[in-house]
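Colleague: If you scroll down you'll find the structure; I have some questions about it.
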Amino acid sequence: MKSIAVLFVTALAASSAAATATAEPVKNPALAAQLSVMAPRVVTWAEKLATEGRAHGVALTPAQERIARASGVRNPHDVRIIVVDRIPLPDEPQLRAAALEVGLSPSSALGMTLGYTVMVVRGYEDNVRLLSHELRHVAQYEACGGIRPFLTMHLADLAAFGYEDSPFEVDARAHEQDGPPVLRRASSGG
């Protein structure tokens with residue numbers, strides 16, 4: 001399995017490098033210039049939220065585990081879902097501004113994944129398309145080796161390509177599944 005993960009990350013890195021070589025200049029040069037200073041603080045923030053998610057989140061249902069496996073997640077039993085009213089942003093003003101600048105808006109974002117922690121906005125926790133997208137991000141974190149290596153690549157890609165064209169986002173959209181809602185509770189059948 002590790003060779004698949006290495007191939008996955010290598011393919012993403014190669015597509016990212018190829019796109020950089022042939023694409024227009026970096027979409028956000030100011031952000032790109034600040035990454036070496038901001039990235040460690042983003043990672044610290046993300047790791048803190050992921051730890052809280054593991055402690056307070058809910059394990060996947062069997063139906064959600066099937067979606068996770070179909071999305072490439074190797075360890076679906078480690079995934080925790082947290083239902084939130086809004087997707088959180090960092091409290092630190094510089095990090096918050098950068099998140100907003102690359103398109104992470106708590107007013108429009110419906111999900112965010114940090115390692116094995118998947119945060120979804122209340123009312124969307126059973127949405128198959130959203131869950132499959134976010135669970136694909138879990139697979140990407142696994143393939144990269146965790147939060148720090150994933151975010152190091154993803155932040156650079158966000159600065160280079162913007163949110164919509166970032167290779168991790170393109171890949172997650174390509175793995176979105178459609179289907180009926182995946183309910184958290186089994187019906188009582190009565």
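We name chains A, B, ... following the order of the structure tokens; residues begin at 1 in each chain, and ligands are numbered from 1 as shown.
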Within 12 Å of region 38-55 of chain A, counting only C-alpha atoms, which residues show up once you throw out same-chain ones fewer than 3 positions away? Write them as number ranges by chain, please.
Modeller: A: 30-35, 58-60, 77-84, 87-99, 112-120, 138, 141, 146-156, 158-159
Colleague: I need the helix (DSSP H, G or I) residues of chain A per DSSP on the backbone, written as a ChimeraX atom specification.
Modeller: /A:2-22,29-56,62-70,76-78,93-101,128-144,147-161,167-174
Colleague: Please save C-alpha atoms of the selected residues as a CSV table (one decimal), in the first residue's frame.
Modeller:
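Saved result, selection.csv, follows:
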chain,number,residue,atom,x,y,z
A,2,LYS,CA,2.8,2.4,0.7
A,3,SER,CA,4.0,2.3,-2.9
A,4,ILE,CA,0.5,3.4,-4.0
A,5,ALA,CA,0.7,6.3,-1.6
A,6,VAL,CA,4.2,7.2,-2.9
A,7,LEU,CA,2.9,7.0,-6.5
A,8,PHE,CA,-0.1,9.2,-5.6
A,9,VAL,CA,2.0,11.9,-4.0
A,10,THR,CA,4.6,11.7,-6.8
A,11,ALA,CA,1.9,12.1,-9.4
A,12,LEU,CA,0.4,15.1,-7.6
A,13,ALA,CA,3.8,16.7,-7.2
A,14,ALA,CA,4.6,16.0,-10.9
A,15,SER,CA,1.3,17.5,-12.0
A,16,SER,CA,1.9,20.4,-9.8
A,17,ALA,CA,5.4,20.9,-11.1
A,18,ALA,CA,4.3,20.5,-14.7
A,19,ALA,CA,1.5,23.0,-14.2
A,20,THR,CA,3.9,25.4,-12.6
A,21,ALA,CA,6.3,25.1,-15.5
A,22,THR,CA,3.6,25.7,-18.2
A,29,PRO,CA,2.9,35.9,-5.2
A,30,ALA,CA,2.5,37.8,-1.9
A,31,LEU,CA,1.2,34.7,-0.2
A,32,ALA,CA,3.9,32.5,-1.9
A,33,ALA,CA,6.5,34.8,-0.4
A,34,GLN,CA,5.1,34.5,3.1
A,35,LEU,CA,4.7,30.7,3.1
A,36,SER,CA,7.9,29.9,4.9
A,37,VAL,CA,6.8,32.1,7.8
A,38,MET,CA,3.1,31.2,7.8
A,39,ALA,CA,3.1,27.5,7.0
A,40,PRO,CA,4.5,26.3,10.4
A,41,ARG,CA,1.8,28.4,12.2
A,42,VAL,CA,-0.9,27.0,9.9
A,43,VAL,CA,0.3,23.5,10.6
A,44,THR,CA,0.2,24.1,14.4
A,45,TRP,CA,-3.4,25.4,14.1
A,46,ALA,CA,-4.4,22.5,12.0
A,47,GLU,CA,-2.8,19.9,14.2
A,48,LYS,CA,-4.6,21.4,17.3
A,49,LEU,CA,-8.0,21.2,15.5
A,50,ALA,CA,-7.3,17.7,14.3
A,51,THR,CA,-6.5,16.6,17.9
A,52,GLU,CA,-9.7,18.1,19.2
A,53,GLY,CA,-11.5,16.4,16.3
A,54,ARG,CA,-10.1,13.0,17.2
A,55,ALA,CA,-11.2,13.5,20.8
A,56,HIS,CA,-14.7,14.8,20.1
A,62,PRO,CA,-20.5,1.5,7.9
A,63,ALA,CA,-22.0,3.3,4.9
A,64,GLN,CA,-19.6,6.2,5.4
A,65,GLU,CA,-16.7,3.7,5.7
A,66,ARG,CA,-17.7,2.4,2.3
A,67,ILE,CA,-17.5,5.9,0.9
A,68,ALA,CA,-14.1,6.4,2.6
A,69,ARG,CA,-12.7,3.2,1.1
A,70,ALA,CA,-14.0,4.1,-2.3
A,76,PRO,CA,-11.4,4.7,7.7
A,77,HIS,CA,-11.7,3.6,11.4
A,78,ASP,CA,-9.4,6.5,12.3
A,93,PRO,CA,-5.1,37.8,11.8
A,94,GLN,CA,-2.4,37.1,9.2
A,95,LEU,CA,-3.4,33.5,8.9
A,96,ARG,CA,-7.1,34.3,8.8
A,97,ALA,CA,-6.5,36.9,6.0
A,98,ALA,CA,-4.5,34.4,4.0
A,99,ALA,CA,-7.2,31.8,4.3
A,100,LEU,CA,-9.8,34.2,3.1
A,101,GLU,CA,-7.5,35.3,0.3
A,128,VAL,CA,-22.5,12.0,-0.1
A,129,ARG,CA,-20.9,14.4,-2.5
A,130,LEU,CA,-19.4,16.5,0.3
A,131,LEU,CA,-18.3,13.4,2.4
A,132,SER,CA,-16.6,11.8,-0.6
A,133,HIS,CA,-14.8,15.0,-1.4
A,134,GLU,CA,-13.6,15.5,2.2
A,135,LEU,CA,-12.8,11.8,2.6
A,136,ARG,CA,-10.6,12.0,-0.6
A,137,HIS,CA,-8.7,14.7,1.3
A,138,VAL,CA,-8.2,12.2,4.1
A,139,ALA,CA,-6.7,9.8,1.5
A,140,GLN,CA,-4.4,12.6,0.4
A,141,TYR,CA,-3.3,13.3,3.9
A,142,GLU,CA,-2.5,9.6,4.3
A,143,ALA,CA,-0.6,9.5,1.0
A,144,CYS,CA,1.5,12.5,2.0
A,147,ILE,CA,-0.8,17.1,8.2
A,148,ARG,CA,2.6,18.8,8.0
A,149,PRO,CA,3.6,17.3,4.6
A,150,PHE,CA,0.1,17.6,3.1
A,151,LEU,CA,-0.2,21.3,4.1
A,152,THR,CA,3.3,22.1,3.0
A,153,MET,CA,2.3,21.0,-0.5
A,154,HIS,CA,-1.3,22.3,-0.4
A,155,LEU,CA,-0.4,25.8,0.8
A,156,ALA,CA,2.2,26.1,-2.0
A,157,ASP,CA,-0.3,24.9,-4.5
A,158,LEU,CA,-3.0,27.3,-3.2
A,159,ALA,CA,-0.6,30.2,-3.7
A,160,ALA,CA,0.5,29.0,-7.1
A,161,PHE,CA,-2.9,28.0,-8.6
A,167,PRO,CA,-4.1,19.8,-7.6
A,168,PHE,CA,-5.5,18.4,-4.3
A,169,GLU,CA,-8.9,20.2,-4.9
A,170,VAL,CA,-9.0,19.1,-8.5
A,171,ASP,CA,-8.3,15.5,-7.4
A,172,ALA,CA,-11.0,15.6,-4.6
A,173,ARG,CA,-13.6,16.9,-7.0
A,174,ALA,CA,-12.7,14.1,-9.5
Colleague: Based on DSSP run over this structure's backbone, return all residues of region 39-151 of chain A in strand (DSSP E or B), as a list in words.
Modeller: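 Assigned to strand (DSSP E or B), within region 39-151 of chain A: Val58, Ala59, Arg80, Ile81, Ile82, Val83, Val84, Gly111, Met112, Thr113, Leu114, Thr117, Val118, Met119, Val120 and Val121 of chain A.
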